[in-house]
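Trainee: start21.cif is reproduced below (mmCIF, C-alpha atoms).
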```
data_input
loop_
_atom_site.group_PDB
_atom_site.id
_atom_site.type_symbol
_atom_site.label_atom_id
_atom_site.label_comp_id
_atom_site.auth_asym_id
_atom_site.auth_seq_id
_atom_site.Cartn_x
_atom_site.Cartn_y
_atom_site.Cartn_z
ATOM 1 C CA MET A 1 98.031 152.055 126.267
ATOM 2 C CA GLN A 2 97.437 154.983 123.949
ATOM 3 C CA VAL A 3 98.491 154.328 120.354
ATOM 4 C CA PRO A 4 100.804 157.070 119.018
ATOM 5 C CA PRO A 5 99.729 158.669 115.716
ATOM 6 C CA GLY A 6 101.020 156.815 112.679
ATOM 7 C CA GLN A 7 101.734 153.615 114.600
ATOM 8 C CA SER A 8 99.512 151.518 112.341
ATOM 9 C CA LEU A 9 101.542 152.755 109.385
ATOM 10 C CA ARG A 10 104.763 151.861 111.192
ATOM 11 C CA ALA A 11 103.436 148.383 111.952
ATOM 12 C CA GLY A 12 102.519 147.872 108.309
ATOM 13 C CA LEU A 13 105.941 149.038 107.151
ATOM 14 C CA PHE A 14 107.615 146.691 109.613
ATOM 15 C CA ASN A 15 105.586 143.752 108.300
ATOM 16 C CA LEU A 16 106.608 144.506 104.714
ATOM 17 C CA CYS A 17 110.281 144.825 105.639
ATOM 18 C CA PHE A 18 110.141 141.731 107.829
ATOM 19 C CA TYR A 19 108.713 139.521 105.073
ATOM 20 C CA PHE A 20 111.170 140.893 102.529
ATOM 21 C CA TRP A 21 114.092 140.293 104.930
ATOM 22 C CA THR A 22 112.864 136.763 105.652
ATOM 23 C CA VAL A 23 112.401 135.780 102.004
ATOM 24 C CA VAL A 24 115.766 137.205 100.944
ATOM 25 C CA LEU A 25 117.654 135.328 103.670
ATOM 26 C CA ALA A 26 115.738 132.095 103.112
ATOM 27 C CA LEU A 27 116.559 132.116 99.394
ATOM 28 C CA ALA A 28 120.190 133.146 99.961
ATOM 29 C CA LEU A 29 120.817 130.092 102.162
ATOM 30 C CA LEU A 30 119.109 127.655 99.811
ATOM 31 C CA PRO A 31 122.177 126.607 97.726
ATOM 32 C CA ALA A 32 124.199 125.830 100.874
ATOM 33 C CA ALA A 33 121.380 124.321 102.945
ATOM 34 C CA PRO A 34 121.983 120.663 101.909
ATOM 35 C CA PHE A 35 125.539 120.930 103.265
ATOM 36 C CA ALA A 36 124.763 122.957 106.400
ATOM 37 C CA GLY A 37 124.491 121.359 109.807
ATOM 38 C CA ALA A 38 122.341 122.431 112.748
ATOM 39 C CA PRO A 39 124.911 124.870 114.246
ATOM 40 C CA ALA A 40 125.307 126.700 110.929
ATOM 41 C CA VAL A 41 121.546 127.007 110.385
ATOM 42 C CA ARG A 42 121.056 128.253 113.952
ATOM 43 C CA ALA A 43 123.793 130.849 113.458
ATOM 44 C CA TYR A 44 122.037 131.987 110.287
ATOM 45 C CA ALA A 45 118.746 132.140 112.199
ATOM 46 C CA ARG A 46 120.363 134.361 114.832
ATOM 47 C CA PHE A 47 121.527 136.707 112.086
ATOM 48 C CA TRP A 48 117.913 136.817 110.815
ATOM 49 C CA MET A 49 116.628 137.496 114.336
ATOM 50 C CA ARG A 50 119.123 140.302 114.931
ATOM 51 C CA GLY A 51 118.005 141.913 111.699
ATOM 52 C CA THR A 52 114.370 141.557 112.713
ATOM 53 C CA GLN A 53 115.046 143.125 116.112
ATOM 54 C CA ALA A 54 116.822 146.006 114.356
ATOM 55 C CA LEU A 55 113.734 146.531 112.157
ATOM 56 C CA LEU A 56 111.533 146.604 115.255
ATOM 57 C CA ARG A 57 113.766 149.218 116.898
ATOM 58 C CA ARG A 58 114.100 151.492 113.900
ATOM 59 C CA ILE A 59 110.617 151.257 112.402
ATOM 60 C CA VAL A 60 108.323 150.555 115.356
ATOM 61 C CA GLY A 61 110.443 151.943 118.203
ATOM 62 C CA LEU A 62 110.195 148.609 120.042
ATOM 63 C CA ASP A 63 113.313 147.537 121.926
ATOM 64 C CA HIS A 64 113.963 144.983 124.672
ATOM 65 C CA GLU A 65 115.866 144.585 127.915
ATOM 66 C CA VAL A 66 117.042 141.277 129.381
ATOM 67 C CA ARG A 67 117.368 140.759 133.120
ATOM 68 C CA GLY A 68 118.703 137.857 135.159
ATOM 69 C CA LEU A 69 120.969 136.268 132.535
ATOM 70 C CA GLU A 70 123.371 135.384 135.343
ATOM 71 C CA ARG A 71 120.733 132.901 136.546
ATOM 72 C CA LEU A 72 120.966 130.885 133.319
ATOM 73 C CA PRO A 73 123.314 127.975 134.154
ATOM 74 C CA PRO A 74 125.710 126.410 131.646
ATOM 75 C CA GLY A 75 124.848 123.083 130.115
ATOM 76 C CA PRO A 76 121.462 121.727 129.059
ATOM 77 C CA VAL A 77 118.427 123.280 130.720
ATOM 78 C CA ILE A 78 114.709 123.602 130.159
ATOM 79 C CA ILE A 79 113.727 127.205 129.499
ATOM 80 C CA ALA A 80 110.049 127.540 130.437
ATOM 81 C CA SER A 81 108.753 130.911 129.278
ATOM 82 C CA LYS A 82 105.584 132.912 129.464
ATOM 83 C CA HIS A 83 104.165 133.299 125.951
ATOM 84 C CA GLN A 84 102.207 136.469 125.127
ATOM 85 C CA SER A 85 103.403 137.372 121.646
ATOM 86 C CA ALA A 86 105.053 136.229 118.430
ATOM 87 C CA TRP A 87 108.046 138.280 119.622
ATOM 88 C CA GLU A 88 109.318 135.434 121.823
ATOM 89 C CA THR A 89 109.989 133.271 118.765
ATOM 90 C CA LEU A 90 112.388 135.969 117.542
ATOM 91 C CA PHE A 91 114.385 136.285 120.752
ATOM 92 C CA PHE A 92 115.509 133.229 122.719
ATOM 93 C CA HIS A 93 118.150 131.952 120.285
ATOM 94 C CA LEU A 94 119.959 135.265 120.752
ATOM 95 C CA VAL A 95 120.753 134.420 124.378
ATOM 96 C CA ARG A 96 121.030 130.614 124.086
ATOM 97 C CA PRO A 97 122.428 129.502 120.713
ATOM 98 C CA ASP A 98 122.125 125.777 121.529
ATOM 99 C CA LEU A 99 118.343 125.965 121.924
ATOM 100 C CA VAL A 100 115.812 123.635 120.290
ATOM 101 C CA ILE A 101 112.048 124.153 120.283
ATOM 102 C CA GLY A 102 109.109 121.762 120.139
ATOM 103 C CA LEU A 103 107.212 122.593 116.928
ATOM 104 C CA LYS A 104 103.948 121.510 115.403
ATOM 105 C CA GLU A 105 104.834 118.998 112.703
ATOM 106 C CA GLU A 106 102.842 121.055 110.188
ATOM 107 C CA LEU A 107 105.395 123.878 110.461
ATOM 108 C CA THR A 108 108.146 121.607 109.184
ATOM 109 C CA ARG A 109 106.135 121.041 105.991
ATOM 110 C CA ILE A 110 106.277 124.715 104.980
ATOM 111 C CA PRO A 111 108.409 124.950 101.819
ATOM 112 C CA ILE A 112 112.030 126.020 102.487
ATOM 113 C CA PHE A 113 111.305 127.449 105.953
ATOM 114 C CA GLY A 114 110.176 124.080 107.314
ATOM 115 C CA TRP A 115 113.288 122.465 105.895
ATOM 116 C CA TYR A 116 115.447 124.913 107.822
ATOM 117 C CA LEU A 117 113.518 124.193 111.019
ATOM 118 C CA THR A 118 114.258 120.504 110.595
ATOM 119 C CA ILE A 119 117.958 120.979 109.781
ATOM 120 C CA ALA A 120 118.311 123.136 112.917
ATOM 121 C CA GLY A 121 117.382 120.117 115.034
ATOM 122 C CA ASN A 122 114.066 121.353 116.377
ATOM 123 C CA ILE A 123 111.624 118.824 117.807
ATOM 124 C CA ARG A 124 108.738 117.808 115.552
ATOM 125 C CA ILE A 125 105.630 117.169 117.619
ATOM 126 C CA ASP A 126 103.160 114.654 116.229
ATOM 127 C CA ARG A 127 99.752 116.084 117.145
ATOM 128 C CA GLY A 128 97.831 112.936 116.214
ATOM 129 C CA GLY A 129 96.683 112.764 119.830
ATOM 130 C CA ALA A 130 97.733 113.929 123.295
ATOM 131 C CA GLY A 131 99.732 110.776 123.982
ATOM 132 C CA ARG A 132 101.550 110.828 120.649
ATOM 133 C CA ALA A 133 102.307 114.532 120.985
ATOM 134 C CA LEU A 134 103.852 114.066 124.418
ATOM 135 C CA ARG A 135 105.871 111.032 123.340
ATOM 136 C CA SER A 136 107.307 112.841 120.330
ATOM 137 C CA LEU A 137 108.210 115.842 122.512
ATOM 138 C CA LEU A 138 109.981 113.686 125.086
ATOM 139 C CA VAL A 139 111.886 111.622 122.512
ATOM 140 C CA GLY A 140 113.100 114.738 120.717
ATOM 141 C CA ALA A 141 113.977 116.526 123.963
ATOM 142 C CA ARG A 142 116.016 113.571 125.275
ATOM 143 C CA ARG A 143 118.005 113.500 122.046
ATOM 144 C CA ALA A 144 118.629 117.253 122.284
ATOM 145 C CA VAL A 145 119.874 117.062 125.882
ATOM 146 C CA ALA A 146 122.107 114.108 124.964
ATOM 147 C CA ARG A 147 123.691 116.377 122.337
ATOM 148 C CA GLY A 148 124.287 119.029 125.019
ATOM 149 C CA GLU A 149 121.442 121.292 123.861
ATOM 150 C CA SER A 150 118.719 123.090 125.816
ATOM 151 C CA VAL A 151 114.975 122.927 125.257
ATOM 152 C CA LEU A 152 112.542 125.847 125.084
ATOM 153 C CA ILE A 153 108.941 125.227 126.082
ATOM 154 C CA PHE A 154 105.950 127.496 126.591
ATOM 155 C CA PRO A 155 104.149 125.841 129.546
ATOM 156 C CA GLU A 156 100.730 127.185 128.536
ATOM 157 C CA GLY A 157 101.152 125.765 125.047
ATOM 158 C CA THR A 158 100.069 128.866 123.163
ATOM 159 C CA ARG A 159 100.149 132.666 123.267
ATOM 160 C CA MET A 160 97.982 134.053 126.045
ATOM 161 C CA PRO A 161 96.489 137.573 126.321
ATOM 162 C CA VAL A 162 98.088 139.691 129.020
ATOM 163 C CA GLU A 163 95.010 139.606 131.255
ATOM 164 C CA ALA A 164 94.205 135.897 130.746
ATOM 165 C CA PRO A 165 94.347 133.611 133.808
ATOM 166 C CA PRO A 166 97.246 131.124 133.744
ATOM 167 C CA ALA A 167 96.608 127.767 132.059
ATOM 168 C CA TYR A 168 99.716 125.627 132.549
ATOM 169 C CA LYS A 169 99.727 122.253 130.777
ATOM 170 C CA SER A 170 101.128 118.940 131.973
ATOM 171 C CA GLY A 171 103.723 118.688 129.192
ATOM 172 C CA VAL A 172 106.249 120.858 131.021
ATOM 173 C CA ALA A 173 106.079 118.579 134.100
ATOM 174 C CA ALA A 174 106.623 115.481 131.964
ATOM 175 C CA LEU A 175 109.594 117.161 130.291
ATOM 176 C CA TYR A 176 111.055 118.196 133.658
ATOM 177 C CA LYS A 177 110.806 114.642 134.997
ATOM 178 C CA ALA A 178 112.172 112.984 131.849
ATOM 179 C CA LEU A 179 115.183 115.228 131.270
ATOM 180 C CA ASP A 180 116.448 115.587 134.852
ATOM 181 C CA VAL A 181 118.012 119.015 134.187
ATOM 182 C CA PRO A 182 117.328 122.431 135.783
ATOM 183 C CA CYS A 183 114.286 124.350 134.615
ATOM 184 C CA VAL A 184 114.707 128.116 134.204
ATOM 185 C CA PRO A 185 111.393 130.048 134.382
ATOM 186 C CA VAL A 186 111.135 133.189 132.251
ATOM 187 C CA ALA A 187 108.744 136.114 132.728
ATOM 188 C CA LEU A 188 108.087 138.845 130.172
ATOM 189 C CA ASN A 189 105.645 141.574 129.150
ATOM 190 C CA SER A 190 105.779 141.403 125.338
ATOM 191 C CA GLY A 191 101.997 141.263 125.033
ATOM 192 C CA VAL A 192 101.721 144.856 126.242
ATOM 193 C CA TYR A 193 103.462 146.007 123.063
ATOM 194 C CA TRP A 194 102.749 143.259 120.517
ATOM 195 C CA GLY A 195 99.552 141.467 121.393
ATOM 196 C CA ARG A 196 98.399 137.989 120.532
ATOM 197 C CA ARG A 197 97.290 137.886 116.875
ATOM 198 C CA SER A 198 97.672 141.645 116.731
ATOM 199 C CA PHE A 199 98.734 143.599 113.662
ATOM 200 C CA LEU A 200 99.626 146.629 115.789
ATOM 201 C CA LYS A 201 103.030 146.880 117.425
ATOM 202 C CA ARG A 202 103.590 149.659 119.950
ATOM 203 C CA PRO A 203 106.830 151.483 120.777
ATOM 204 C CA GLY A 204 108.476 150.839 124.101
ATOM 205 C CA ARG A 205 110.772 148.304 125.729
ATOM 206 C CA ILE A 206 109.888 144.647 126.222
ATOM 207 C CA LEU A 207 111.240 143.305 129.518
ATOM 208 C CA VAL A 208 112.424 139.691 129.722
ATOM 209 C CA GLU A 209 113.528 138.259 133.070
ATOM 210 C CA PHE A 210 115.236 134.913 133.662
ATOM 211 C CA LEU A 211 114.201 133.729 137.114
ATOM 212 C CA GLU A 212 115.762 131.474 139.743
ATOM 213 C CA PRO A 213 116.260 127.973 138.265
ATOM 214 C CA ILE A 214 114.241 125.086 139.650
ATOM 215 C CA PRO A 215 116.594 122.170 140.387
ATOM 216 C CA PRO A 216 115.774 118.731 138.992
ATOM 217 C CA GLY A 217 114.169 116.022 141.103
ATOM 218 C CA LEU A 218 111.260 117.832 142.751
ATOM 219 C CA PRO A 219 107.842 116.159 143.009
ATOM 220 C CA ARG A 220 105.504 117.072 140.164
ATOM 221 C CA GLU A 221 103.096 119.131 142.294
ATOM 222 C CA GLU A 222 105.863 121.157 143.903
ATOM 223 C CA PHE A 223 107.530 121.787 140.546
ATOM 224 C CA MET A 224 104.321 123.002 138.920
ATOM 225 C CA ARG A 225 103.514 125.216 141.898
ATOM 226 C CA LEU A 226 106.967 126.818 141.882
ATOM 227 C CA LEU A 227 106.992 127.266 138.106
ATOM 228 C CA GLU A 228 103.614 128.966 137.925
ATOM 229 C CA GLU A 229 104.212 131.066 141.039
ATOM 230 C CA ARG A 230 107.560 132.391 139.829
ATOM 231 C CA ILE A 231 106.490 133.105 136.262
ATOM 232 C CA GLU A 232 103.128 134.657 137.093
ATOM 233 C CA THR A 233 104.408 136.801 139.968
ATOM 234 C CA ALA A 234 107.290 138.195 137.925
ATOM 235 C CA THR A 235 105.148 138.629 134.794
ATOM 236 C CA ALA A 236 102.578 140.669 136.728
ATOM 237 C CA ARG A 237 105.395 142.880 138.010
ATOM 238 C CA LEU A 238 106.851 143.393 134.508
ATOM 239 C CA VAL A 239 103.432 144.169 133.019
ATOM 240 C CA SER A 240 102.792 146.713 135.765
ATOM 241 C CA GLU A 241 106.210 148.248 135.130
ATOM 242 C CA ALA A 242 105.470 148.555 131.406
ATOM 243 C CA ARG A 243 102.099 150.147 132.012
ATOM 244 C CA GLY A 244 103.617 152.551 134.510
ATOM 245 C CA VAL A 245 106.093 153.724 131.868
ATOM 246 C CA ALA A 246 103.309 153.869 129.292
ATOM 247 C CA GLY A 247 101.234 156.044 131.605
ATOM 248 C CA ARG A 248 103.914 158.747 131.536
ATOM 249 C CA SER A 249 104.853 158.531 127.871
ATOM 250 C CA PRO A 250 103.948 156.605 124.723
ATOM 251 C CA GLY A 251 107.326 154.869 124.850
ATOM 252 C CA LEU A 252 109.153 156.791 122.137
ATOM 253 C CA GLU A 253 111.940 157.629 124.584
ATOM 254 C CA HIS A 254 113.252 154.081 124.047
ATOM 255 C CA VAL A 255 113.754 154.333 120.296
ATOM 256 C CA GLY A 256 117.307 153.453 119.317
ATOM 257 C CA LEU A 257 118.271 151.712 122.575
ATOM 258 C CA ARG A 258 120.000 148.373 122.182
ATOM 259 C CA GLY A 259 118.574 145.207 123.755
ATOM 260 C CA GLU A 260 120.764 144.365 126.740
ATOM 261 C CA GLY A 261 122.137 140.877 127.211
ATOM 262 C CA SER A 262 121.066 139.585 123.816
ATOM 263 C CA ARG A 263 124.488 139.658 122.221
#
```
Turn this file's structure into structure tokens for me.
Mentor:
Amino acid sequence: MQVPPGQSLRAGLFNLCFYFWTVVLALALLPAAPFAGAPAVRAYARFWMRGTQALLRRIVGLDHEVRGLERLPPGPVIIASKHQSAWETLFFHLVRPDLVIGLKEELTRIPIFGWYLTIAGNIRIDRGGAGRALRSLLVGARRAVARGESVLIFPEGTRMPVEAPPAYKSGVAALYKALDVPCVPVALNSGVYWGRRSFLKRPGRILVEFLEPIPPGLPREEFMRLLEERIETATARLVSEARGVAGRSPGLEHVGLRGEGSR
């Protein structure tokens, strides 16, 4: 995709505004944090995310569109999403406020920010070994579902470049078996606009699509086959759609549009 003139400057300005916005909100909550419960901290996080999405729209020209929200059932679910960009971490709580995420334990040690992650009820994953990591994920996820919350997982475990072959890990299958709740696959094309470990952020519209839920109780092999097939097929379609739009225009026609379904 061709980079519009001045886009590096826009990306730099967004980063400055984003860090300023984050620090201001983190410090503003600090006096009340010891008395705040998980719902209050998550609501505050959604306010932070909405502000961040507004910065992306106004400075970068990067918006988003959500499809298939009607497929997201009520009650606890596993949301299993493709992961191409840091953008995903700034989105999912806007459509599912009760969501918890499995986090590297090191993130919860970050001053102030890590404290908020813990208060919000996110799952701390002990990465002292594969077995310990999986056990800590399952224990935390069971507690979340018992509280009526949903769990977000990235089945490939890390951000993947748009063109990378799929590399689904076994953790999502273990979670599916242990929790006995529907699993909702999610496809997206965020990496086209905000790549993995990329400073540059391009204008356009990120597409996120919630796909047909996978009911609980399927054999492991069938579950993994369905999950990968649905996510990868839909992701390829969304990436092609983004590149088709990009081939006609640099994406500036989307500046100022509001993300659908995220409020």
Trainee: The PyMOL selection byres ((chain A and resi 241) around 12) on the file shown: which residues, as a ChimeraX atom specification?
Mentor: /A:188-190,192,204-208,234-240,242-248
Trainee: Store the residues picked out above in a file with C-alpha atoms, as a PDB file, in the frame of the given file.
Mentor:
```pdb
ATOM      1  CA  LEU A 188     108.087 138.845 130.172  1.00  0.00           C
ATOM      2  CA  ASN A 189     105.645 141.574 129.150  1.00  0.00           C
ATOM      3  CA  SER A 190     105.779 141.403 125.338  1.00  0.00           C
ATOM      4  CA  VAL A 192     101.721 144.856 126.242  1.00  0.00           C
ATOM      5  CA  GLY A 204     108.476 150.839 124.101  1.00  0.00           C
ATOM      6  CA  ARG A 205     110.772 148.304 125.729  1.00  0.00           C
ATOM      7  CA  ILE A 206     109.888 144.647 126.222  1.00  0.00           C
ATOM      8  CA  LEU A 207     111.240 143.305 129.518  1.00  0.00           C
ATOM      9  CA  VAL A 208     112.424 139.691 129.722  1.00  0.00           C
ATOM     10  CA  ALA A 234     107.290 138.195 137.925  1.00  0.00           C
ATOM     11  CA  THR A 235     105.148 138.629 134.794  1.00  0.00           C
ATOM     12  CA  ALA A 236     102.578 140.669 136.728  1.00  0.00           C
ATOM     13  CA  ARG A 237     105.395 142.880 138.010  1.00  0.00           C
ATOM     14  CA  LEU A 238     106.851 143.393 134.508  1.00  0.00           C
ATOM     15  CA  VAL A 239     103.432 144.169 133.019  1.00  0.00           C
ATOM     16  CA  SER A 240     102.792 146.713 135.765  1.00  0.00           C
ATOM     17  CA  ALA A 242     105.470 148.555 131.406  1.00  0.00           C
ATOM     18  CA  ARG A 243     102.099 150.147 132.012  1.00  0.00           C
ATOM     19  CA  GLY A 244     103.617 152.551 134.510  1.00  0.00           C
ATOM     20  CA  VAL A 245     106.093 153.724 131.868  1.00  0.00           C
ATOM     21  CA  ALA A 246     103.309 153.869 129.292  1.00  0.00           C
ATOM     22  CA  GLY A 247     101.234 156.044 131.605  1.00  0.00           C
ATOM     23  CA  ARG A 248     103.914 158.747 131.536  1.00  0.00           C
TER      24      ARG A 248
END
```
Trainee: Which one of A:Asp126, A:Asp98, A:Glu229, A:Glu88 sits closest to A:Pro166 if you count all atoms listed in the file?
Mentor: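 Ranked by minimum distance to A:Pro166, first place goes to A:Glu229.
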Trainee: Report the distance between atom CA of A:Phe210 and atom CA of A:Gly37 in Å, rounded to one decimal place.
Mentor: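 Interatomic distance here is 29.0 Å.
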Trainee: Calculated over all atoms listed in the file, which of the candidates A:Gly114, A:Gly68, A:Gly6, A:Pro76 has the smallest distance to A:Leu99?
Mentor: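 Ranking A:Gly114, A:Gly68, A:Gly6, A:Pro76 by distance to A:Leu99, first place goes to A:Pro76.
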Trainee: Give me, as number ranges by chain, all polymer residues having an atom no more than 8 Å from stretch 130-143 of chain A, counting all atoms listed in the file and skipping those fewer than 3 positions away in the same chain.
Mentor: A: 102, 122-127, 146-147, 151, 171, 174-175, 178-179
